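Trainee: Here's a structure for you.
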Amino acid sequence: MGWTIKQTIEKTGISADTLRYYDKEGIVSPKRHENGYRHYDDNDIASLKNIIVMKYAHFSLAEIKTMEKLFTREPGANCNEICKGILNSKVTKLRNAICNYQKIVTLMEELLLMIDSTDSYLANEEQIDRFINQIFDDIRSDNLFSLASSNRNEVP
């Protein structure tokens with residue numbers, strides 16, 4: 001049993017262009033019918049679901065490609081180490097992002113209290129600017145860390 005590209009779009013919400021791109025890049029490689037049409041099976045659908053989750057978790061395309069290759073390999077120590085490296089890095093990045101989102105929510109809640117009163121905003125403007133600058137610095141620091149570590153965990 002399998003699904004056409006149209007049925008796969010309906011099952012996953014992934015666009016036809018993206019499915020073709022994943023096939024071209026070797027991330028998901030569906031079988032082909034004699035007429036050349038792609039034929040997605042249960043394993044392909046499972047991979048696409050994994051990809052959707054990883055994209056939501058802000059995995060880069062390189063990280064997704066690496067993880068998909070690891071899923072198809074025979075389990076082993078090298079495979080586990082690569083996977084652990086990617087996942088540990090991603091957990092750190094997501095925890096930092098969550099922390100920054102919590103700071104942003106706090107800032108927005110404080111701003112909501114000040115909207116009713118111009119005097120309140122003006123009295124706290126300097127403190128708000130410092131808070132925004134701190135959040136900016138934290139985000140920038142996290143992004144620089146992300147760029148420096150994003151290419152370390154490629155599959156050999």
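Going by the structure tokens order, chains are called A, B, ..., each with residues numbered from 1, while ligands are numbered from 1 in the order shown.
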Just asking: which residues within chain A are helix (DSSP H, G or I) according to DSSP, as a count of residues only?
Mentor: 115
Trainee: Neighbouring residues of Pro30 in chain A were defined as those with any atom within 9 Å, considering only C-alpha atoms; residues of the same chain fewer than 5 positions away were excluded. Please report them as an MDAnalysis selection string.
Mentor: chainID A and resid 23 38:41 44
Trainee: Pick out the residues sitting within 8 Å of Lys65 in chain A, and hand them over as a ChimeraX atom specification; count only C-alpha atoms, and ignore anything fewer than 4 positions along from it in its own chain.
Mentor: /A:26-27,61,69
Trainee: Keeping N, CA and C atoms, export the residues of the selection given above as a PDB file, in the first residue's frame.
Mentor:
```
ATOM      1  N   GLY A  26      17.731  13.663  -1.148  1.00  0.00           N
ATOM      2  CA  GLY A  26      17.946  12.352  -0.547  1.00  0.00           C
ATOM      3  C   GLY A  26      17.523  12.276   0.909  1.00  0.00           C
ATOM      4  N   ILE A  27      16.701  13.199   1.342  1.00  0.00           N
ATOM      5  CA  ILE A  27      16.228  13.189   2.725  1.00  0.00           C
ATOM      6  C   ILE A  27      15.135  12.138   2.888  1.00  0.00           C
ATOM      7  N   LEU A  61      18.185  22.229   8.024  1.00  0.00           N
ATOM      8  CA  LEU A  61      18.034  21.205   7.005  1.00  0.00           C
ATOM      9  C   LEU A  61      19.193  20.207   7.077  1.00  0.00           C
ATOM     10  N   LYS A  69      19.474  10.238   7.912  1.00  0.00           N
ATOM     11  CA  LYS A  69      20.478   9.233   7.539  1.00  0.00           C
ATOM     12  C   LYS A  69      20.775   8.316   8.720  1.00  0.00           C
TER      13      LYS A  69
END
```
Trainee: Measuring between only C-alpha atoms, which one of A:Glu25, A:Asp138, A:Glu81, A:Asp119 shows the shortest distance to Ile64 in chain A?
Mentor: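 Once distances to Ile64 in chain A are computed over only C-alpha atoms, the minimum belongs to A:Glu25.
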Trainee: Applying 12 Å and only C-alpha atoms, which residues near Asn50 in chain A remain after dropping the ones on its own chain fewer than 3 positions away? List them as a PyMOL selection string.
Mentor: chain A and resi 12+27-28+43-47+53-57+59+64-65+67-68+71
Trainee: Can those selected residues be exported to a file as an mmCIF file, in the first residue's frame so that it contains C-alpha atoms?
Mentor:
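The resulting again_23.cif:
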```cif
data_model
loop_
_atom_site.group_PDB
_atom_site.id
_atom_site.type_symbol
_atom_site.label_atom_id
_atom_site.label_comp_id
_atom_site.auth_asym_id
_atom_site.auth_seq_id
_atom_site.Cartn_x
_atom_site.Cartn_y
_atom_site.Cartn_z
ATOM 1 C CA THR A 12 1.287 15.517 6.000
ATOM 2 C CA ILE A 27 16.228 13.189 2.725
ATOM 3 C CA VAL A 28 13.173 11.074 1.879
ATOM 4 C CA ASN A 43 8.254 4.444 6.266
ATOM 5 C CA ASP A 44 8.266 7.563 4.077
ATOM 6 C CA ILE A 45 5.231 8.960 5.921
ATOM 7 C CA ALA A 46 6.923 8.241 9.270
ATOM 8 C CA SER A 47 10.067 10.055 8.055
ATOM 9 C CA VAL A 53 8.586 17.677 14.209
ATOM 10 C CA MET A 54 12.265 18.504 13.669
ATOM 11 C CA LYS A 55 11.397 21.573 11.592
ATOM 12 C CA TYR A 56 9.045 22.734 14.345
ATOM 13 C CA ALA A 57 11.936 22.276 16.796
ATOM 14 C CA PHE A 59 16.423 21.793 13.284
ATOM 15 C CA ILE A 64 17.371 16.961 9.531
ATOM 16 C CA LYS A 65 19.297 15.297 6.720
ATOM 17 C CA MET A 67 19.141 12.609 11.542
ATOM 18 C CA GLU A 68 17.265 10.949 8.672
ATOM 19 C CA PHE A 71 17.578 6.597 11.314
#
```
